Every structure is written in structure tokens, then in C-alpha cells.
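Have a look at the structure below, then the notes.
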Amino acid sequence: MRSVIQRVNRASVSVSGEIVGSIELGLCLLIGITHDDTADDIQYIVDKTLNMRIFPEESGDSGFDRSVKDVEGGLLLVSQFTLYASTRKGRRPGFTDAARPEQAQPMFDQIVDSFKLHSELPVETGVFGASMKIELENSGPFTIVLDSKERNTPRRS
């Protein structure tokens, strides 16, 4: 499972010109699901995201002291299969590493439920499988790619 996490001052997602989810200060997550993702991958992404210290302290002296829970921010979750695009061959990306919708949608719903269960933060979403437009004001800018498969990879010295 992959998540592109952006620290935002505000973010919204719309479908057919109608806003279906929006947050103020918080995190916008684009979430990609692959074939062998499990509940452990969900838990890793949720726990890491909720507890990662990526917001500045109130004084603004340091940039990485508080989590999204500490700042009582919102979460905007958007499913994005293109995070598993393969560009190794040819000029057109391939998406065979992305989970098919019948597998990905229930897993995405589980991610949303897990974020709601493990925090009291506002959780908003896009519409699974829809063509969406995302508007955001990235704070920093600050963007991190989180991959649950890398959690067991040893660090390089």
C-alpha cells in the first residue's frame, strides 16, 4: 500500500463540479492499493500517518514536532490506483500492480474506517472510481511517500 501524504492548510475533492469532501488544516492522502495488501498494511499506514510528527510547534520555531492528532487536523483520503503505475517499458504506464476495483474498494473502505476508529479527527473522502478534481494548499510544501512494503526493509547506513 502506498500513500502520498501532503500537509495542507486546506484541501477539497470534487466530482462533476460538486465538492464531496473538504478539510482545513490537516493531511491530504492519495492512497494506492496493490494485490497483496492486507490488514497489516492498513494498520501501518494509519498508525504511521496519525502519529508522524510533521507539523510545526505552535511557536513555529521547529517544523517537525506535532502530529495531525496533536494539531487536531482533518484527513482527506482519496483512492488513487495510479500510484502503482509501471513506467519501465514503453511510453504508456501499465497498472497491473494496482489492485482491481473489486479488491481495492473494500480495502479503501477499511482504511477510511480505520482512520475514523483510531482518531477523533474529521475524515473526508473522494468517490471511489470517480473522476475527481483535488484542490489543495500545500503547507511547506511538505509531501511524503509512505509505502507499507518498505516497513521491513533495513535502513542503509
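Identifiers for the C-alpha cells are assigned positionally: chains receive A, B, ... in sequence, residues are indexed from 1 per chain, and ligands are indexed from 1 in the order shown.
Neighbouring residues of Asp65 (chain A) at 12 Å or closer, counting only C-alpha atoms and skipping chain neighbours under 5 positions away, are Asn51, Met52, Arg53, Ile54, Phe55, Pro56, Glu57, Glu58, Ser59, Gly60, Asp70 and Val71 of chain A.
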For this session: Name all residues at most 8 Å from Val15 (chain A) (count only C-alpha atoms; drop same-chain ones fewer than 5 positions away) and give them as a ChimeraX atom specification.
Result: /A:20,126-127,130-133
For this session: Please return as a PyMOL selection string: the residues of region 13-154 of chain A that backbone DSSP assigns to strand (DSSP E or B).
Result: chain A and resi 13-15+18-23+26-32+34+55+66+74-79+86+94+98+123-125+132-147
Writer output for current selection, N, CA and C atoms, as a short mmCIF file (atom, residue, chain, number, x, y, z; two decimals), in the first residue's frame:
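part-v9.cif was written with the following content:
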data_model
loop_
_atom_site.label_atom_id
_atom_site.label_comp_id
_atom_site.auth_asym_id
_atom_site.auth_seq_id
_atom_site.Cartn_x
_atom_site.Cartn_y
_atom_site.Cartn_z
N VAL A 13 -11.98 17.86 -2.54
CA VAL A 13 -12.10 16.99 -3.70
C VAL A 13 -13.52 17.15 -4.23
N SER A 14 -13.62 17.26 -5.56
CA SER A 14 -14.94 17.41 -6.17
C SER A 14 -15.13 16.39 -7.29
N VAL A 15 -16.39 16.07 -7.52
CA VAL A 15 -16.81 15.17 -8.59
C VAL A 15 -17.91 15.89 -9.35
N GLU A 18 -19.04 19.23 -8.01
CA GLU A 18 -19.59 19.30 -6.65
C GLU A 18 -18.56 18.82 -5.64
N ILE A 19 -18.30 19.63 -4.61
CA ILE A 19 -17.35 19.25 -3.57
C ILE A 19 -17.96 18.10 -2.76
N VAL A 20 -17.22 16.98 -2.68
CA VAL A 20 -17.71 15.82 -1.95
C VAL A 20 -16.94 15.60 -0.65
N GLY A 21 -15.81 16.29 -0.48
CA GLY A 21 -15.04 16.20 0.75
C GLY A 21 -14.11 17.39 0.86
N SER A 22 -13.97 17.94 2.07
CA SER A 22 -13.05 19.06 2.26
C SER A 22 -12.58 19.11 3.70
N ILE A 23 -11.36 19.61 3.88
CA ILE A 23 -10.78 19.80 5.21
C ILE A 23 -10.07 21.15 5.24
N GLY A 26 -4.57 20.04 7.91
CA GLY A 26 -4.50 18.59 8.08
C GLY A 26 -3.67 17.93 7.02
N LEU A 27 -4.09 16.72 6.62
CA LEU A 27 -3.34 15.92 5.66
C LEU A 27 -4.26 15.45 4.53
N CYS A 28 -3.75 15.57 3.31
CA CYS A 28 -4.42 15.01 2.15
C CYS A 28 -3.63 13.76 1.76
N LEU A 29 -4.30 12.62 1.71
CA LEU A 29 -3.64 11.36 1.38
C LEU A 29 -4.19 10.79 0.08
N LEU A 30 -3.29 10.54 -0.85
CA LEU A 30 -3.62 9.78 -2.05
C LEU A 30 -3.19 8.36 -1.76
N ILE A 31 -4.10 7.39 -1.88
CA ILE A 31 -3.83 6.04 -1.41
C ILE A 31 -3.94 5.04 -2.57
N GLY A 32 -2.85 4.30 -2.79
CA GLY A 32 -2.82 3.26 -3.80
C GLY A 32 -2.78 1.90 -3.14
N THR A 34 -2.37 -2.36 -3.75
CA THR A 34 -1.88 -3.40 -4.64
C THR A 34 -2.47 -4.76 -4.24
N PHE A 55 4.10 18.42 11.74
CA PHE A 55 3.59 19.78 11.88
C PHE A 55 4.49 20.57 12.82
N ARG A 66 4.81 18.08 15.92
CA ARG A 66 3.46 17.65 16.27
C ARG A 66 2.85 16.80 15.15
N GLY A 74 -7.61 17.71 9.96
CA GLY A 74 -8.50 16.84 9.23
C GLY A 74 -7.72 15.91 8.32
N LEU A 75 -8.41 14.91 7.79
CA LEU A 75 -7.83 13.94 6.86
C LEU A 75 -8.72 13.86 5.62
N LEU A 76 -8.12 14.06 4.47
CA LEU A 76 -8.84 13.90 3.21
C LEU A 76 -8.20 12.72 2.49
N LEU A 77 -8.96 11.63 2.33
CA LEU A 77 -8.45 10.39 1.75
C LEU A 77 -9.02 10.19 0.35
N VAL A 78 -8.12 9.97 -0.61
CA VAL A 78 -8.53 9.80 -2.00
C VAL A 78 -7.85 8.56 -2.56
N SER A 79 -8.63 7.62 -3.07
CA SER A 79 -8.08 6.42 -3.68
C SER A 79 -7.44 6.79 -5.01
N SER A 86 3.41 1.40 -13.59
CA SER A 86 4.74 0.95 -14.00
C SER A 86 5.10 1.68 -15.28
N GLY A 94 1.67 1.19 -17.24
CA GLY A 94 0.87 -0.02 -17.02
C GLY A 94 0.40 -0.04 -15.57
N ALA A 98 -1.58 -2.46 -9.63
CA ALA A 98 -2.69 -1.90 -8.85
C ALA A 98 -3.76 -2.97 -8.67
N VAL A 123 -12.67 12.97 8.99
CA VAL A 123 -12.18 12.17 7.87
C VAL A 123 -13.13 12.37 6.70
N GLU A 124 -12.60 12.89 5.60
CA GLU A 124 -13.37 13.12 4.39
C GLU A 124 -12.77 12.26 3.28
N THR A 125 -13.56 11.98 2.26
CA THR A 125 -13.07 11.16 1.15
C THR A 125 -13.58 11.70 -0.18
N MET A 132 -12.04 12.68 -10.34
CA MET A 132 -12.08 13.69 -9.27
C MET A 132 -11.11 14.82 -9.56
N LYS A 133 -11.43 15.97 -9.00
CA LYS A 133 -10.52 17.11 -9.02
C LYS A 133 -10.18 17.44 -7.58
N ILE A 134 -8.88 17.55 -7.31
CA ILE A 134 -8.42 17.86 -5.96
C ILE A 134 -7.81 19.25 -5.97
N GLU A 135 -8.25 20.07 -5.05
CA GLU A 135 -7.66 21.39 -4.85
C GLU A 135 -7.07 21.40 -3.46
N LEU A 136 -5.84 21.92 -3.37
CA LEU A 136 -5.23 21.99 -2.05
C LEU A 136 -4.22 23.11 -1.98
N GLU A 137 -3.98 23.53 -0.77
CA GLU A 137 -2.90 24.46 -0.48
C GLU A 137 -1.91 23.70 0.38
N ASN A 138 -0.80 23.29 -0.25
CA ASN A 138 0.22 22.50 0.44
C ASN A 138 0.97 23.42 1.38
N SER A 139 1.12 23.00 2.61
CA SER A 139 1.83 23.78 3.63
C SER A 139 3.28 23.32 3.66
N GLY A 140 4.16 24.22 3.30
CA GLY A 140 5.58 23.87 3.34
C GLY A 140 6.31 24.36 2.12
N PRO A 141 6.20 23.72 1.00
CA PRO A 141 5.44 22.49 0.71
C PRO A 141 6.02 21.28 1.44
N PHE A 142 5.14 20.37 1.77
CA PHE A 142 5.55 19.19 2.53
C PHE A 142 4.80 17.99 1.99
N THR A 143 5.54 17.05 1.39
CA THR A 143 4.96 15.85 0.81
C THR A 143 5.86 14.66 1.13
N ILE A 144 5.23 13.56 1.57
CA ILE A 144 5.96 12.33 1.90
C ILE A 144 5.28 11.16 1.19
N VAL A 145 6.08 10.23 0.69
CA VAL A 145 5.55 8.98 0.15
C VAL A 145 5.78 7.90 1.19
N LEU A 146 4.71 7.25 1.59
CA LEU A 146 4.77 6.19 2.60
C LEU A 146 4.38 4.89 1.91
N ASP A 147 5.23 3.87 2.02
CA ASP A 147 4.97 2.58 1.39
C ASP A 147 5.03 1.50 2.47
#
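CA of Arg151 (chain A) is found 8.2 Å from CA of Tyr44 (chain A).
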Exercise. Can you list every residue in region 33-142 of chain A that DSSP puts in helix (DSSP H, G or I), as a PyMOL selection string?
Worked result: chain A and resi 39-51+81-84+101-117
Selected residues written out, N, CA and C atoms, as a compact mmCIF listing (two decimals), in the first residue's frame:
# COMPACT_ATOMS: atom_id res chain seq x y z
N ALA A 39 -4.62 -6.35 6.11
CA ALA A 39 -4.97 -5.52 7.26
C ALA A 39 -3.71 -4.96 7.92
N ASP A 40 -2.60 -5.68 7.87
CA ASP A 40 -1.34 -5.16 8.42
C ASP A 40 -0.87 -3.92 7.68
N ASP A 41 -1.05 -3.90 6.37
CA ASP A 41 -0.67 -2.73 5.57
C ASP A 41 -1.55 -1.53 5.94
N ILE A 42 -2.83 -1.78 6.11
CA ILE A 42 -3.75 -0.71 6.52
C ILE A 42 -3.30 -0.15 7.86
N GLN A 43 -3.04 -1.04 8.82
CA GLN A 43 -2.67 -0.59 10.15
C GLN A 43 -1.38 0.22 10.13
N TYR A 44 -0.43 -0.21 9.32
CA TYR A 44 0.84 0.52 9.22
C TYR A 44 0.61 1.94 8.70
N ILE A 45 -0.14 2.06 7.61
CA ILE A 45 -0.40 3.37 7.02
C ILE A 45 -1.15 4.27 8.01
N VAL A 46 -2.17 3.73 8.66
CA VAL A 46 -2.98 4.52 9.60
C VAL A 46 -2.14 4.96 10.79
N ASP A 47 -1.45 4.04 11.42
CA ASP A 47 -0.66 4.37 12.61
C ASP A 47 0.45 5.37 12.28
N LYS A 48 1.17 5.11 11.21
CA LYS A 48 2.28 5.98 10.82
C LYS A 48 1.76 7.38 10.50
N THR A 49 0.68 7.46 9.75
CA THR A 49 0.12 8.75 9.35
C THR A 49 -0.37 9.55 10.56
N LEU A 50 -1.11 8.90 11.45
CA LEU A 50 -1.69 9.62 12.58
C LEU A 50 -0.63 10.09 13.59
N ASN A 51 0.48 9.39 13.67
CA ASN A 51 1.47 9.70 14.71
C ASN A 51 2.76 10.34 14.19
N PHE A 81 -5.27 4.64 -7.87
CA PHE A 81 -4.61 3.43 -8.37
C PHE A 81 -3.33 3.76 -9.14
N THR A 82 -3.20 4.98 -9.66
CA THR A 82 -2.04 5.33 -10.47
C THR A 82 -0.74 5.37 -9.66
N LEU A 83 -0.83 5.28 -8.34
CA LEU A 83 0.39 5.20 -7.52
C LEU A 83 1.14 3.90 -7.78
N TYR A 84 0.46 2.94 -8.39
CA TYR A 84 1.12 1.68 -8.75
C TYR A 84 1.37 1.58 -10.26
N PRO A 101 -10.58 -2.97 -8.97
CA PRO A 101 -11.57 -2.25 -8.16
C PRO A 101 -12.33 -3.12 -7.16
N GLU A 102 -12.65 -4.36 -7.56
CA GLU A 102 -13.43 -5.22 -6.65
C GLU A 102 -12.63 -5.61 -5.40
N GLN A 103 -11.31 -5.54 -5.47
CA GLN A 103 -10.46 -5.77 -4.29
C GLN A 103 -10.13 -4.44 -3.61
N ALA A 104 -9.85 -3.43 -4.41
CA ALA A 104 -9.37 -2.15 -3.87
C ALA A 104 -10.46 -1.38 -3.12
N GLN A 105 -11.69 -1.39 -3.63
CA GLN A 105 -12.72 -0.59 -2.97
C GLN A 105 -13.01 -1.04 -1.54
N PRO A 106 -13.21 -2.34 -1.29
CA PRO A 106 -13.44 -2.74 0.10
C PRO A 106 -12.24 -2.41 1.00
N MET A 107 -11.03 -2.55 0.46
CA MET A 107 -9.84 -2.23 1.25
C MET A 107 -9.76 -0.73 1.53
N PHE A 108 -10.08 0.09 0.54
CA PHE A 108 -10.09 1.53 0.76
C PHE A 108 -11.13 1.89 1.84
N ASP A 109 -12.30 1.26 1.79
CA ASP A 109 -13.32 1.49 2.81
C ASP A 109 -12.81 1.10 4.19
N GLN A 110 -12.02 0.03 4.27
CA GLN A 110 -11.43 -0.38 5.55
C GLN A 110 -10.42 0.65 6.05
N ILE A 111 -9.67 1.25 5.14
CA ILE A 111 -8.71 2.30 5.53
C ILE A 111 -9.46 3.48 6.13
N VAL A 112 -10.51 3.90 5.45
CA VAL A 112 -11.32 5.02 5.93
C VAL A 112 -11.87 4.70 7.33
N ASP A 113 -12.44 3.51 7.48
CA ASP A 113 -12.98 3.09 8.78
C ASP A 113 -11.90 3.06 9.86
N SER A 114 -10.71 2.60 9.50
CA SER A 114 -9.62 2.52 10.47
C SER A 114 -9.16 3.90 10.91
N PHE A 115 -9.07 4.86 9.98
CA PHE A 115 -8.73 6.23 10.37
C PHE A 115 -9.78 6.79 11.32
N LYS A 116 -11.05 6.52 11.05
CA LYS A 116 -12.13 7.00 11.92
C LYS A 116 -12.07 6.34 13.29
N LEU A 117 -11.77 5.05 13.32
CA LEU A 117 -11.72 4.29 14.56
C LEU A 117 -10.55 4.71 15.45
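Taking CA of Ser12 (chain A) and CA of Leu121 (chain A) as the two end points, the separation is 15.9 Å.
Taking CA of Val68 (chain A) as the reference point, CA of Leu25 (chain A) is found at 8.8 Å.
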